[in-house]
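Structure first, then comments.
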Amino acid sequence: MAQAVEEWYKQMPIITRSYLTAAVVTTVGCSLEIISPYNLYLNPTLVVKQYQFWRLVTNFLYFRKMDLDFLFHMFFLARYCKLLEENSFRGKTADFLYMLLFGATVLTGIVLIGGMIPYLSVSFSKIIFLSNSLTFMMVYVWSKQNPYIHMSFLGLFTFTAAYLPWVLLGFSILVGASAWGDFLGMIAGHAYYFLAFVYPRMTDRRPLRTPSFLKALFADEPVVIARPEDLRFAHAPFDEIHQD
């Protein structure tokens with residue numbers, strides 16, 4: 001069992017493995033009171049006035065208490081982040097990391113701007129951790145990339161992947177959890193999907209270009225299938241020569 005888990009962990013792509021590890025270590029550390037959540041949450045005042053810039057990152061790593069909601073989001077992170085990195089972003093590690101950075105920036109901006117709007121500031125001031133939102137953003141992008149995959153929710157009903165974010169949002173409301181974080185993740189995911197995939201097809205312009213310094217960090221190389229030298233000048237098979 002331990003060996004199977006180790007093998008599963010090692011087979012994860014680098015960004016998924018790094019984020020999952022950081023999230024689990026941070027959340028477990030807080031549960032064991034090794035780390036204080038008060039040093040992690042998003043606080044614009046402390047970021048600007050006391051230069052606690054790490055809060056812009058750590059608020060995406062803590063998933064609050066270790067309960068059923070934590071397990072759900074760890075599952076989403078391990079599954080959909082992995083599927084995106086292995087499939088849609090295969091060989092494009094820098095682009096995948098840029099997607100996460102874009103999502104984190106959009107989510108942070110929404111919370112900061114929302115906190116300055118009358119009648120909404122109270123609601124936004126309660127959003128101090130955006131880890132759930134970033135995870136939900138990945139679920140949303142994956143669903144847009146794979147809209148026709150058939151899925152089942154707890155064996156109760158089936159639906160296509162295009163409706164997965166809405167099903168999960170409804171489930172959060174049903175169990176009494178706050179749906180604000182999930183909804184913000186959908187907004188960030190839609191913004192990325194539109195700018196990265198829809199808008200370029202409409203205008204032949206790409207507003208989201210991965211910075212060169214990120215690409216330099218991940219020198220992704222195309223997969224090349226080498227042909228054996230002894231087959232370089234091999235004759236075509238007899239059946240192919242005589243095909244009609």
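Scheme for the structure tokens: letters A, B, ... for chains in order shown; per-chain residue numbers from 1; ligand numbers from 1 in order shown.
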Would you pick out the contacts of Phe159 in chain A at 12 Å or less, using only C-alpha atoms, so that residues sharing its chain but fewer than 5 positions from it are not included, and give the list as a VMD selection string?
chain A and resid 143 147 to 154 164 to 168
Output the selection as a short mmCIF file (atom, residue, chain, number, x, y, z; two decimals), in the first residue's frame - N, CA, C and O atoms for each residue.
```cif
data_model
loop_
_atom_site.label_atom_id
_atom_site.label_comp_id
_atom_site.auth_asym_id
_atom_site.auth_seq_id
_atom_site.Cartn_x
_atom_site.Cartn_y
_atom_site.Cartn_z
N SER A 143 -13.05 21.37 -17.03
CA SER A 143 -14.39 21.08 -17.54
C SER A 143 -14.62 21.75 -18.89
O SER A 143 -15.31 21.20 -19.76
N PRO A 147 -15.58 19.09 -22.24
CA PRO A 147 -17.00 19.29 -21.93
C PRO A 147 -17.89 18.08 -22.16
O PRO A 147 -18.99 18.03 -21.62
N TYR A 148 -17.44 17.11 -22.97
CA TYR A 148 -18.33 16.02 -23.35
C TYR A 148 -18.07 14.72 -22.60
O TYR A 148 -18.70 13.71 -22.88
N ILE A 149 -17.16 14.74 -21.64
CA ILE A 149 -16.90 13.54 -20.85
C ILE A 149 -18.08 13.30 -19.91
O ILE A 149 -18.54 14.20 -19.22
N HIS A 150 -18.57 12.07 -19.88
CA HIS A 150 -19.70 11.73 -19.01
C HIS A 150 -19.20 11.42 -17.60
O HIS A 150 -18.21 10.71 -17.42
N MET A 151 -19.88 11.97 -16.61
CA MET A 151 -19.48 11.80 -15.22
C MET A 151 -20.69 11.41 -14.38
O MET A 151 -21.84 11.56 -14.81
N SER A 152 -20.41 10.91 -13.19
CA SER A 152 -21.46 10.53 -12.26
C SER A 152 -21.18 11.17 -10.91
O SER A 152 -20.03 11.21 -10.46
N PHE A 153 -22.21 11.70 -10.29
CA PHE A 153 -22.05 12.32 -8.98
C PHE A 153 -22.59 11.40 -7.90
O PHE A 153 -23.80 11.21 -7.76
N LEU A 154 -21.66 10.79 -7.16
CA LEU A 154 -22.00 9.89 -6.06
C LEU A 154 -22.95 8.77 -6.48
O LEU A 154 -23.69 8.21 -5.67
N LEU A 164 -19.80 20.15 -14.48
CA LEU A 164 -19.16 19.75 -13.22
C LEU A 164 -19.02 20.91 -12.23
O LEU A 164 -19.35 20.73 -11.05
N PRO A 165 -18.55 22.09 -12.62
CA PRO A 165 -18.43 23.18 -11.63
C PRO A 165 -19.77 23.55 -10.99
O PRO A 165 -19.82 23.82 -9.79
N TRP A 166 -20.84 23.52 -11.79
CA TRP A 166 -22.15 23.88 -11.25
C TRP A 166 -22.67 22.80 -10.30
O TRP A 166 -23.32 23.13 -9.29
N VAL A 167 -22.38 21.56 -10.62
CA VAL A 167 -22.79 20.46 -9.72
C VAL A 167 -22.08 20.58 -8.38
O VAL A 167 -22.69 20.45 -7.32
N LEU A 168 -20.78 20.84 -8.43
CA LEU A 168 -20.00 20.97 -7.20
C LEU A 168 -20.41 22.22 -6.42
O LEU A 168 -20.43 22.21 -5.18
#
```
Alpha helix (DSSP H) per DSSP on the backbone: members of range 51-181 of chain A, as a VMD selection string
chain A and resid 55 to 58 68 to 76 82 to 83 93 to 114 121 to 125 131 to 145 164 to 174 180 to 181
Using only C-alpha atoms, determine which residues lie at most 6 Å from range 112-116 of chain A, disregarding the query and same-chain residues fewer than 5 positions distant; provide the list as a ChimeraX atom specification.
/A:121,124-125
Residues of the last selection are to be written out with N, CA, C and O atoms, as an mmCIF file, in the first residue's frame.
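Below is the file that was written, again_13.cif:
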```cif
data_model
loop_
_atom_site.group_PDB
_atom_site.id
_atom_site.type_symbol
_atom_site.label_atom_id
_atom_site.label_comp_id
_atom_site.auth_asym_id
_atom_site.auth_seq_id
_atom_site.Cartn_x
_atom_site.Cartn_y
_atom_site.Cartn_z
ATOM 1 N N SER A 121 -18.288 44.873 0.762
ATOM 2 C CA SER A 121 -17.021 44.823 1.489
ATOM 3 C C SER A 121 -17.058 43.850 2.668
ATOM 4 O O SER A 121 -16.063 43.188 2.962
ATOM 5 N N PHE A 124 -16.633 40.263 1.265
ATOM 6 C CA PHE A 124 -15.287 40.021 0.758
ATOM 7 C C PHE A 124 -14.240 40.041 1.864
ATOM 8 O O PHE A 124 -13.198 39.394 1.746
ATOM 9 N N SER A 125 -14.494 40.789 2.925
ATOM 10 C CA SER A 125 -13.535 40.836 4.026
ATOM 11 C C SER A 125 -13.428 39.498 4.750
ATOM 12 O O SER A 125 -12.432 39.233 5.439
#
```
What's the separation between CA of Ser31 in chain A and CA of Gly170 in chain A, in Å to one decimal place?
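Separation between CA of Ser31 in chain A and CA of Gly170 in chain A: 27.9 Å.
With only C-alpha atoms as the atoms that count, the minimum distance from Phe75 in chain A to the choices A:Ser36, A:Gln145, A:Asn132, A:Ser178 is reached by A:Asn132.
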